[in-house]
$ cat coords04.tsv   # TSV, C-alpha atoms and all ligand atoms
chain	number	residue	atom	x	y	z
A	1	MET	CA	-6.37	-12.03	-23.11
A	2	PHE	CA	-6.51	-15.57	-24.46
A	3	LEU	CA	-3.57	-14.95	-26.76
A	4	HIS	CA	-1.67	-13.32	-23.98
A	5	ASN	CA	-2.02	-16.42	-21.82
A	6	TYR	CA	-0.89	-18.50	-24.75
A	7	ILE	CA	2.31	-16.55	-25.25
A	8	SER	CA	3.45	-16.08	-21.69
A	9	LYS	CA	2.95	-18.23	-18.65
A	10	LEU	CA	4.63	-15.60	-16.51
A	11	GLN	CA	2.14	-13.35	-14.81
A	12	LEU	CA	2.75	-10.11	-13.01
A	13	ASP	CA	1.05	-10.39	-9.64
A	14	ALA	CA	2.98	-7.91	-7.56
A	15	PRO	CA	3.94	-4.26	-7.94
A	16	THR	CA	7.22	-3.56	-9.72
A	17	PRO	CA	9.45	-0.48	-9.36
A	18	TRP	CA	8.21	2.19	-11.75
A	19	GLY	CA	5.41	-0.08	-12.86
A	20	LEU	CA	3.06	2.24	-14.72
A	21	PHE	CA	0.48	-0.24	-15.93
A	22	PHE	CA	-1.87	-2.71	-14.27
A	23	GLN	CA	-0.76	-5.95	-12.75
A	24	ASP	CA	-2.06	-8.98	-14.63
A	25	SER	CA	-5.67	-9.65	-13.87
A	26	ALA	CA	-6.78	-12.74	-12.01
A	27	SER	CA	-10.51	-12.15	-11.85
A	28	PRO	CA	-13.33	-11.21	-14.22
A	29	GLN	CA	-13.69	-7.89	-12.39
A	30	MET	CA	-10.14	-6.86	-13.14
A	31	GLU	CA	-10.52	-7.94	-16.76
A	32	GLY	CA	-13.56	-5.68	-16.96
A	33	ILE	CA	-11.64	-2.79	-15.45
A	34	GLU	CA	-8.78	-3.23	-17.92
A	35	GLU	CA	-11.19	-3.39	-20.82
A	36	LEU	CA	-12.95	-0.21	-19.67
A	37	HIS	CA	-9.60	1.49	-19.16
A	38	ASN	CA	-8.49	0.60	-22.69
A	39	ASN	CA	-11.81	1.79	-24.09
A	40	ILE	CA	-11.57	5.14	-22.34
A	41	MET	CA	-7.92	5.53	-23.33
A	42	PHE	CA	-9.03	5.25	-26.96
A	43	TYR	CA	-11.34	8.28	-26.60
A	44	LEU	CA	-8.73	10.02	-24.51
A	45	ALA	CA	-6.11	9.72	-27.23
A	46	ILE	CA	-8.48	11.09	-29.88
A	47	ILE	CA	-9.51	14.03	-27.68
A	48	LEU	CA	-5.95	14.80	-26.68
A	49	PHE	CA	-4.71	14.91	-30.28
A	50	THR	CA	-7.73	16.84	-31.59
A	51	VAL	CA	-7.51	19.48	-28.90
A	52	THR	CA	-3.75	19.80	-29.20
A	53	TRP	CA	-4.01	20.14	-32.95
A	54	MET	CA	-6.73	22.80	-32.62
A	55	MET	CA	-4.73	24.78	-30.09
A	56	ILE	CA	-1.57	24.69	-32.18
A	57	SER	CA	-3.29	25.68	-35.40
A	58	MET	CA	-5.14	28.51	-33.64
A	59	ILE	CA	-1.92	29.86	-32.25
A	60	ARG	CA	-0.20	29.58	-35.63
A	61	ASN	CA	-3.03	31.17	-37.65
A	62	PHE	CA	-3.93	34.00	-35.37
A	63	LEU	CA	-0.56	35.35	-34.37
A	64	ALA	CA	-0.68	39.11	-33.81
A	65	ASN	CA	1.62	39.89	-36.72
A	66	LYS	CA	-0.28	37.56	-39.09
A	67	SER	CA	-3.87	38.67	-38.41
A	68	PRO	CA	-3.74	41.76	-36.22
A	69	ILE	CA	-7.52	42.32	-35.93
A	70	ALA	CA	-8.66	38.72	-35.35
A	71	HIS	CA	-10.03	39.61	-31.93
A	72	LYS	CA	-12.48	42.01	-33.59
A	73	TYR	CA	-14.17	39.43	-35.82
A	74	MET	CA	-13.34	35.98	-34.42
A	75	ASN	CA	-15.41	36.23	-31.26
A	76	HIS	CA	-18.64	34.31	-31.85
A	77	GLY	CA	-19.84	31.34	-33.88
A	78	THR	CA	-23.07	29.52	-33.02
A	79	LEU	CA	-22.34	26.43	-35.08
A	80	ILE	CA	-18.89	25.75	-33.67
A	81	GLU	CA	-20.14	26.37	-30.15
A	82	LEU	CA	-22.93	23.86	-30.65
A	83	ILE	CA	-20.43	21.32	-31.97
A	84	TRP	CA	-17.99	21.70	-29.10
A	85	THR	CA	-20.77	21.49	-26.54
A	86	ILE	CA	-22.73	18.55	-27.89
A	87	SER	CA	-19.89	16.33	-29.01
A	88	PRO	CA	-18.17	16.20	-25.58
A	89	ALA	CA	-21.54	15.42	-24.01
A	90	PHE	CA	-21.96	12.59	-26.47
A	91	ILE	CA	-18.47	11.26	-25.71
A	92	LEU	CA	-19.22	11.39	-21.99
A	93	ILE	CA	-22.32	9.27	-22.57
A	94	LEU	CA	-20.28	6.79	-24.58
A	95	ILE	CA	-17.91	6.49	-21.63
A	96	ALA	CA	-20.61	6.47	-18.95
A	97	PHE	CA	-22.62	3.53	-20.27
A	98	PRO	CA	-19.90	0.86	-20.18
A	99	SER	CA	-18.66	2.37	-16.92
A	100	PHE	CA	-22.00	1.98	-15.13
A	101	LYS	CA	-22.50	-1.44	-16.63
A	102	LEU	CA	-19.19	-2.58	-15.17
A	103	LEU	CA	-19.84	-0.86	-11.85
A	104	TYR	CA	-23.10	-2.71	-11.27
A	105	LEU	CA	-21.70	-5.99	-12.55
A	106	MET	CA	-18.86	-5.76	-10.05
A	107	ASP	CA	-21.29	-4.96	-7.25
A	108	GLU	CA	-23.22	-8.13	-7.90
A	109	VAL	CA	-22.40	-10.91	-5.48
A	110	MET	CA	-23.12	-14.25	-7.10
A	111	ASP	CA	-24.30	-17.03	-4.82
A	112	PRO	CA	-21.00	-17.44	-3.00
A	113	SER	CA	-19.62	-20.79	-1.93
A	114	LEU	CA	-17.72	-19.46	1.01
A	115	VAL	CA	-17.31	-16.35	3.07
A	116	VAL	CA	-14.00	-14.91	4.18
A	117	TYR	CA	-14.22	-12.25	6.83
A	118	ALA	CA	-11.41	-9.69	6.76
A	119	GLU	CA	-11.04	-7.23	9.62
A	120	GLY	CA	-8.65	-4.28	9.65
A	121	HIS	CA	-6.71	-3.50	12.79
A	122	GLN	CA	-3.99	-1.00	13.61
A	123	TRP	CA	-1.90	-2.40	11.94
A	124	TYR	CA	-2.63	-5.83	10.57
A	125	TRP	CA	-5.49	-7.72	8.99
A	126	SER	CA	-7.23	-10.58	10.71
A	127	TYR	CA	-9.27	-13.22	8.93
A	128	GLN	CA	-12.07	-15.62	9.76
A	129	TYR	CA	-13.54	-18.49	7.75
A	130	PRO	CA	-16.91	-18.76	9.49
A	131	ASP	CA	-18.36	-21.38	7.12
A	132	PHE	CA	-16.18	-24.25	8.26
A	133	THR	CA	-16.50	-25.33	11.86
A	134	ASN	CA	-15.10	-28.26	13.82
A	135	GLU	CA	-16.92	-30.31	16.47
A	136	ASP	CA	-16.40	-27.59	19.08
A	137	ASP	CA	-18.06	-25.05	16.81
A	138	GLU	CA	-14.78	-23.23	16.27
A	139	PHE	CA	-13.73	-21.83	12.93
A	140	ILE	CA	-10.44	-20.77	11.39
A	141	GLU	CA	-9.25	-17.43	12.64
A	142	PHE	CA	-5.82	-15.89	12.21
A	143	ASP	CA	-3.94	-12.62	12.10
A	144	SER	CA	-1.90	-11.62	9.10
A	145	TYR	CA	1.12	-9.49	9.96
A	146	ILE	CA	3.73	-8.04	7.64
A	147	VAL	CA	7.04	-9.90	7.41
A	148	PRO	CA	9.63	-7.36	8.62
A	149	GLU	CA	12.49	-6.55	6.29
A	150	SER	CA	15.02	-8.35	8.50
A	151	ASP	CA	13.06	-11.62	8.28
A	152	LEU	CA	12.56	-11.65	4.53
A	153	GLU	CA	13.67	-14.73	2.66
A	154	GLU	CA	15.04	-14.83	-0.87
A	155	GLY	CA	12.28	-14.01	-3.36
A	156	GLN	CA	9.82	-12.51	-0.90
A	157	PHE	CA	8.47	-9.04	-1.47
A	158	ARG	CA	9.46	-6.24	0.88
A	159	MET	CA	6.46	-4.53	2.51
A	160	LEU	CA	4.07	-7.00	0.84
A	161	GLU	CA	4.73	-10.43	2.31
A	162	VAL	CA	2.73	-11.50	5.36
A	163	ASP	CA	3.17	-14.32	7.85
A	164	ASN	CA	-0.26	-15.85	7.20
A	165	ARG	CA	-1.68	-15.51	3.72
A	166	VAL	CA	-5.37	-15.69	2.94
A	167	ILE	CA	-6.00	-18.95	1.14
A	168	ILE	CA	-8.88	-18.89	-1.34
A	169	PRO	CA	-9.79	-21.70	-3.73
A	170	GLU	CA	-9.61	-20.79	-7.39
A	171	LEU	CA	-12.70	-20.91	-9.64
A	172	THR	CA	-14.97	-20.46	-6.64
A	173	HIS	CA	-17.31	-17.59	-5.95
A	174	THR	CA	-16.14	-16.10	-2.69
A	175	ARG	CA	-17.71	-13.35	-0.66
A	176	ILE	CA	-15.20	-11.26	1.25
A	177	VAL	CA	-16.86	-9.47	4.13
A	178	ILE	CA	-14.81	-6.46	5.15
A	179	SER	CA	-14.90	-4.56	8.42
A	180	ALA	CA	-12.53	-2.91	10.88
A	181	ALA	CA	-11.96	-2.98	14.60
A	182	ASP	CA	-10.57	0.48	15.30
A	183	VAL	CA	-10.28	3.06	12.51
A	184	ILE	CA	-11.15	3.10	8.81
A	185	HIS	CA	-8.96	0.87	6.68
A	186	SER	CA	-9.45	-0.24	3.10
A	187	TYR	CA	-9.09	-3.72	1.71
A	188	ALA	CA	-7.60	-3.73	-1.77
A	189	CYS	CA	-6.02	-6.13	-4.23
A	190	PRO	CA	-5.26	-4.76	-7.71
A	191	SER	CA	-4.97	-8.12	-9.53
A	192	LEU	CA	-8.42	-9.11	-8.31
A	193	GLY	CA	-9.94	-5.70	-8.98
A	194	ILE	CA	-11.27	-5.26	-5.45
A	195	LYS	CA	-11.09	-2.30	-3.14
A	196	ALA	CA	-13.56	-1.71	-0.33
A	197	ASP	CA	-13.35	0.50	2.71
A	198	ALA	CA	-13.32	-1.24	6.07
A	199	TYR	CA	-15.40	0.64	8.61
A	200	PRO	CA	-15.82	-0.26	12.26
A	201	GLY	CA	-19.42	-1.33	12.81
A	202	ARG	CA	-20.18	-1.86	9.15
A	203	LEU	CA	-19.85	-4.92	6.92
A	204	ASN	CA	-18.91	-4.33	3.31
A	205	GLN	CA	-18.88	-7.16	0.87
A	206	ALA	CA	-16.76	-7.78	-2.19
A	207	SER	CA	-17.18	-10.60	-4.62
A	208	VAL	CA	-14.10	-12.49	-5.70
A	209	TYR	CA	-13.74	-15.12	-8.37
A	210	ILE	CA	-10.09	-15.95	-8.91
A	211	ASN	CA	-9.52	-17.60	-12.26
A	212	ARG	CA	-5.97	-18.87	-11.86
A	213	PRO	CA	-3.62	-20.00	-9.11
A	214	GLY	CA	-1.19	-17.42	-7.80
A	215	THR	CA	-0.40	-15.07	-4.96
A	216	PHE	CA	-1.83	-11.60	-5.21
A	217	PHE	CA	-0.74	-8.63	-3.17
A	218	GLY	CA	-2.46	-5.50	-2.02
A	219	GLN	CA	-2.14	-2.87	0.64
A	220	CYS	CA	-4.35	-1.05	3.08
A	221	SER	CA	-5.74	1.82	1.03
A	222	GLU	CA	-7.13	4.22	3.59
A	223	ILE	CA	-4.67	6.16	5.69
A	224	CYS	CA	-5.08	4.60	9.13
A	225	GLY	CA	-2.16	5.70	11.24
A	226	ILE	CA	1.58	5.54	11.48
A	227	LEU	CA	1.99	1.97	10.20
A	228	HIS	CA	-0.60	2.30	7.42
A	229	SER	CA	2.08	1.15	4.98
A	230	SER	CA	2.82	-1.95	7.04
A	231	MET	CA	-0.44	-3.86	6.79
A	232	PRO	CA	-0.23	-5.55	3.40
A	233	ILE	CA	-2.68	-8.08	2.00
A	234	ALA	CA	-1.52	-11.36	0.47
A	235	ILE	CA	-4.15	-13.57	-1.13
A	236	GLN	CA	-3.09	-16.99	-2.37
A	237	SER	CA	-5.37	-18.88	-4.69
A	238	VAL	CA	-5.00	-22.65	-4.76
A	239	SER	CA	-6.86	-25.57	-6.28
A	240	ILE	CA	-9.98	-26.68	-4.43
A	241	LYS	CA	-8.23	-29.89	-3.37
A	242	ASP	CA	-5.31	-27.99	-1.87
A	243	PHE	CA	-7.76	-25.63	-0.21
A	244	LEU	CA	-9.51	-28.55	1.46
A	245	LEU	CA	-6.17	-29.99	2.61
A	246	TRP	CA	-5.22	-26.63	4.08
A	247	LEU	CA	-8.62	-26.34	5.68
A	248	ARG	CA	-8.30	-29.75	7.31
A	249	GLU	CA	-4.85	-28.94	8.63
A	250	GLN	CA	-6.11	-25.67	10.09
A	251	MET	CA	-9.15	-27.28	11.67
A	252	GLU	CA	-7.11	-30.03	13.30
A	253	GLY	CA	-4.16	-27.88	14.28
B	1	MET	CA	0.84	-21.64	8.79
B	2	GLY	CA	0.09	-20.56	5.29
B	3	ALA	CA	1.95	-23.40	3.65
B	4	ILE	CA	-0.26	-25.82	1.76
B	5	PRO	CA	0.13	-29.34	3.17
B	6	GLU	CA	1.24	-32.17	0.91
B	7	ALA	CA	-1.49	-34.48	-0.31
B	8	ASP	CA	-1.27	-38.08	0.81
B	9	PRO	CA	-1.45	-40.09	-2.46
B	10	ASP	CA	-2.90	-43.15	-0.70
B	11	GLU	CA	-5.73	-41.26	0.85
B	12	VAL	CA	-9.15	-42.17	-0.45
B	13	LEU	CA	-11.08	-39.07	-1.43
B	14	GLU	CA	-14.77	-38.97	-0.84
B	15	THR	CA	-17.22	-36.44	-2.22
B	16	LYS	CA	-19.72	-35.02	0.19
B	17	PRO	CA	-22.67	-32.77	-0.49
B	18	PHE	CA	-22.00	-29.15	0.27
B	19	LYS	CA	-24.75	-26.65	0.80
B	20	PHE	CA	-24.27	-22.99	-0.03
B	21	VAL	CA	-25.90	-21.24	2.86
B	22	THR	CA	-25.68	-17.48	2.48
B	23	GLY	CA	-26.70	-16.81	-1.05
B	24	TYR	CA	-27.99	-13.67	-2.60
B	25	ASP	CA	-30.76	-11.99	-0.64
B	26	ALA	CA	-32.84	-9.54	-2.67
B	27	ARG	CA	-33.47	-7.45	0.44
B	28	PHE	CA	-29.77	-6.69	0.73
B	29	PRO	CA	-28.34	-6.13	-2.73
B	30	GLN	CA	-25.95	-3.40	-1.58
B	31	GLN	CA	-22.30	-3.58	-0.77
B	32	ASN	CA	-23.26	-2.79	2.83
B	33	GLN	CA	-24.21	-6.08	4.42
B	34	THR	CA	-24.50	-4.91	8.03
B	35	LYS	CA	-28.28	-5.19	8.02
B	36	HIS	CA	-28.12	-8.55	6.28
B	37	CYS	CA	-26.20	-9.96	9.24
B	38	TRP	CA	-28.33	-8.21	11.84
B	39	GLN	CA	-31.67	-9.17	10.30
B	40	ASN	CA	-30.74	-12.85	10.19
B	41	TYR	CA	-29.57	-12.78	13.81
B	42	VAL	CA	-32.85	-11.23	14.93
B	43	ASP	CA	-34.89	-13.56	12.73
B	44	TYR	CA	-33.16	-16.64	14.11
B	45	TYR	CA	-33.90	-15.80	17.71
B	46	LYS	CA	-37.42	-14.67	16.89
B	47	CYS	CA	-37.89	-17.96	15.07
B	48	THR	CA	-36.61	-20.12	17.91
B	49	THR	CA	-38.59	-18.13	20.49
B	50	ALA	CA	-41.76	-18.73	18.53
B	51	LYS	CA	-41.17	-22.27	17.28
B	52	GLY	CA	-38.61	-23.76	19.65
B	53	GLU	CA	-34.93	-24.63	19.30
B	54	ASP	CA	-35.55	-27.76	17.26
B	55	PHE	CA	-37.63	-26.22	14.52
B	56	ARG	CA	-35.50	-27.03	11.48
B	57	PRO	CA	-36.39	-24.10	9.19
B	58	CYS	CA	-34.91	-21.70	11.78
B	59	LYS	CA	-31.48	-23.10	10.95
B	60	GLN	CA	-31.46	-21.15	7.71
B	61	PHE	CA	-31.23	-17.87	9.63
B	62	TYR	CA	-28.57	-19.34	11.88
B	63	HIS	CA	-26.33	-20.33	8.97
B	64	ALA	CA	-26.84	-16.93	7.35
B	65	PHE	CA	-25.86	-14.83	10.35
B	66	ARG	CA	-23.19	-17.30	11.34
B	67	SER	CA	-21.39	-16.83	8.05
B	68	LEU	CA	-21.95	-13.07	7.75
B	69	CYS	CA	-21.59	-11.68	11.26
B	70	PRO	CA	-18.22	-11.22	12.94
B	71	LYS	CA	-17.93	-13.43	16.02
B	72	ALA	CA	-17.37	-10.40	18.24
B	73	TRP	CA	-20.71	-8.93	17.21
B	74	THR	CA	-22.78	-12.04	17.85
B	75	ASP	CA	-20.99	-12.64	21.15
B	76	ARG	CA	-21.97	-9.16	22.24
B	77	TRP	CA	-25.58	-9.62	21.16
B	78	ASP	CA	-25.69	-12.97	22.95
B	79	GLY	CA	-24.60	-11.18	26.11
B	80	GLN	CA	-27.25	-8.52	25.63
B	81	ARG	CA	-29.95	-11.15	25.18
B	82	GLU	CA	-28.88	-12.88	28.37
B	83	ALA	CA	-28.76	-9.59	30.26
B	84	GLY	CA	-32.18	-8.67	28.91
B	85	ASN	CA	-31.09	-5.45	27.21
B	86	PHE	CA	-31.14	-6.60	23.60
B	87	PRO	CA	-32.68	-3.72	21.61
B	88	VAL	CA	-35.32	-5.87	19.88
B	89	HIS	CA	-38.27	-7.72	21.43
B	90	LEU	CA	-37.68	-11.25	20.20
B	91	ASP	CA	-41.06	-12.54	21.35
B	92	LYS	CA	-43.09	-10.16	19.24
C	301	CU	CU	-5.08	0.31	7.51
$ encode --input "coords04.tsv" --output "structure tokens" --more "lines below"
Ligand SMILES: [Cu+2]
Amino acid sequence: MFLHNYISKLQLDAPTPWGLFFQDSASPQMEGIEELHNNIMFYLAIILFTVTWMMISMIRNFLANKSPIAHKYMNHGTLIELIWTISPAFILILIAFPSFKLLYLMDEVMDPSLVVYAEGHQWYWSYQYPDFTNEDDEFIEFDSYIVPESDLEEGQFRMLEVDNRVIIPELTHTRIVISAADVIHSYACPSLGIKADAYPGRLNQASVYINRPGTFFGQCSEICGILHSSMPIAIQSVSIKDFLLWLREQMEG
Amino acid sequence: MGAIPEADPDEVLETKPFKFVTGYDARFPQQNQTKHCWQNYVDYYKCTTAKGEDFRPCKQFYHAFRSLCPKAWTDRWDGQREAGNFPVHLDK
């Protein structure tokens, strides 16, 4: 990861056509997920090649014309059965331990510095920043609608850009509280490694720690009606100073 | 909205203390924080009923539910308290 940052300053923060791999991570969670994925892919490759090799050699060695009575003698073997039962169980344990470790680490919400409340609606997300209030006890509250294709400007992403992005300071522990107003939605952002269902009447939390500036995109991930595809999520991470400037402008405006 | 405003280079920056209010609560370690919000709302009004509005330690509950609960929820509970049909006895 360190070397990767050293080589390329260009990061992939949005989906690409035919993109088969992850977007670049921007949070420790996503780094953990990538690491786990790579680990599991290692076992997967070994298993795939071993099993394929076994299948092919079985087919080649026990063709009907080569050994016509194989079915009479090759029908039981305690040792080989023990091996092919115990070794997959062992491999599953090897996969399960890092998987659970990561799962519980991601669940952990560190003492967060701010809370962002995200609420799913048919079909947009609305956000609140309840920690920062002005003299009248009001806080920042806005709706985040998709930018329709006809209004897109050069360089904006179709079906991903929104009119009001969520602004989150980088290098800050943030708690995102997720809920919904009508039906079940799901709040997701691949680069940050978060995905949590948004239920009406329930508050789900996700912990976010963005480790670099950038704009990260996600989409509603629970089918929620006809415009399910048209309620994208755009999270912009900025320096703490810029965040405070934005905050002040919002509070005064 | 959304655009980050330009910083004024002449502006004098001052550093102010900032208190993190809704930290980790060992009673609510789950992803589901609904009860975390609710419990703090109930505790705040129980606290002020028992000790009065000005009792400083009650503020901790206020900050916690204020930052966790959606405004619509607390507005509704406020209405229920005023109408006298809030589902919890706050004086007990
Ligand atoms: Cu949705």
$ atom_distance --input "coords04.tsv" --atom1 "CA of Leu20 (chain A)" --atom2 "CA of Leu36 (chain A)"
16.9 Å
$ interface_residues --input "coords04.tsv" --of "chain A" --to "chain B" --cutoff "7 Å" --atoms "all atoms listed in the file" --output "ChimeraX atom specification"
/A:107,109-113,115,130-131,164-165,202-205,242,245-246
$ residues_near_ligand --input "coords04.tsv" --ligand "ligand CU 301 (chain C)" --cutoff "10 Å" --atoms "all atoms listed in the file" --output "PyMOL selection string"
chain A and resi 119-125+180+182-187+197-198+219-232
$ closest_residue --input "coords04.tsv" --among "A:Asn65, A:Ser179, A:Ser207, A:Thr215" --to "Tyr104 (chain A)" --atoms "all atoms listed in the file"
A:Ser207
$ residues_around --input "coords04.tsv" --residues "Tyr44 (chain B)" --least-positions-apart "2" --cutoff "12 Å" --atoms "all atoms listed in the file" --output "PDB file with C-alpha atoms, in the coordinates of the input"
ATOM      1  CA  CYS B  37     -26.200  -9.960   9.240  1.00  0.00           C
ATOM      2  CA  TRP B  38     -28.330  -8.210  11.840  1.00  0.00           C
ATOM      3  CA  GLN B  39     -31.670  -9.170  10.300  1.00  0.00           C
ATOM      4  CA  ASN B  40     -30.740 -12.850  10.190  1.00  0.00           C
ATOM      5  CA  TYR B  41     -29.570 -12.780  13.810  1.00  0.00           C
ATOM      6  CA  VAL B  42     -32.850 -11.230  14.930  1.00  0.00           C
ATOM      7  CA  LYS B  46     -37.420 -14.670  16.890  1.00  0.00           C
ATOM      8  CA  CYS B  47     -37.890 -17.960  15.070  1.00  0.00           C
ATOM      9  CA  THR B  48     -36.610 -20.120  17.910  1.00  0.00           C
ATOM     10  CA  THR B  49     -38.590 -18.130  20.490  1.00  0.00           C
ATOM     11  CA  ALA B  50     -41.760 -18.730  18.530  1.00  0.00           C
ATOM     12  CA  LYS B  51     -41.170 -22.270  17.280  1.00  0.00           C
ATOM     13  CA  GLY B  52     -38.610 -23.760  19.650  1.00  0.00           C
ATOM     14  CA  GLU B  53     -34.930 -24.630  19.300  1.00  0.00           C
ATOM     15  CA  ASP B  54     -35.550 -27.760  17.260  1.00  0.00           C
ATOM     16  CA  PHE B  55     -37.630 -26.220  14.520  1.00  0.00           C
ATOM     17  CA  ARG B  56     -35.500 -27.030  11.480  1.00  0.00           C
ATOM     18  CA  PRO B  57     -36.390 -24.100   9.190  1.00  0.00           C
ATOM     19  CA  CYS B  58     -34.910 -21.700  11.780  1.00  0.00           C
ATOM     20  CA  LYS B  59     -31.480 -23.100  10.950  1.00  0.00           C
ATOM     21  CA  GLN B  60     -31.460 -21.150   7.710  1.00  0.00           C
ATOM     22  CA  PHE B  61     -31.230 -17.870   9.630  1.00  0.00           C
ATOM     23  CA  TYR B  62     -28.570 -19.340  11.880  1.00  0.00           C
ATOM     24  CA  HIS B  63     -26.330 -20.330   8.970  1.00  0.00           C
ATOM     25  CA  ALA B  64     -26.840 -16.930   7.350  1.00  0.00           C
ATOM     26  CA  PHE B  65     -25.860 -14.830  10.350  1.00  0.00           C
ATOM     27  CA  ARG B  66     -23.190 -17.300  11.340  1.00  0.00           C
ATOM     28  CA  THR B  74     -22.780 -12.040  17.850  1.00  0.00           C
ATOM     29  CA  LEU B  90     -37.680 -11.250  20.200  1.00  0.00           C
ATOM     30  CA  ASP B  91     -41.060 -12.540  21.350  1.00  0.00           C
TER      31      ASP B  91
END
$ atom_distance --input "coords04.tsv" --atom1 "CA of Ile140 (chain A)" --atom2 "CA of Glu170 (chain A)"
18.8 Å
$ atom_distance --input "coords04.tsv" --atom1 "CA of Asp163 (chain A)" --atom2 "CA of Asp143 (chain A)"
8.5 Å
$ residues_around --input "coords04.tsv" --residues "region 11-16 of chain A" --least-positions-apart "3" --cutoff "9 Å" --atoms "all atoms listed in the file" --output "PyMOL selection string"
chain A and resi 5+8+19-20+22-26+157+160+190-191+214-218
$ closest_residue --input "coords04.tsv" --among "A:Ala118, A:Ala70, A:Ile210, A:Val51" --to "Glu31 (chain A)" --atoms "all atoms listed in the file"
A:Ile210
$ residues_around --input "coords04.tsv" --residues "Leu102 (chain A)" --least-positions-apart "5" --cutoff "12 Å" --atoms "all atoms listed in the file" --output "MDAnalysis selection string"
chainID A and resid 28:37 95:97 107:108 193
$ residues_around --input "coords04.tsv" --residues "Gln128 (chain A)" --least-positions-apart "3" --cutoff "6 Å" --atoms "only C-alpha atoms" --output "ChimeraX atom specification"
/A:116-117,140-141
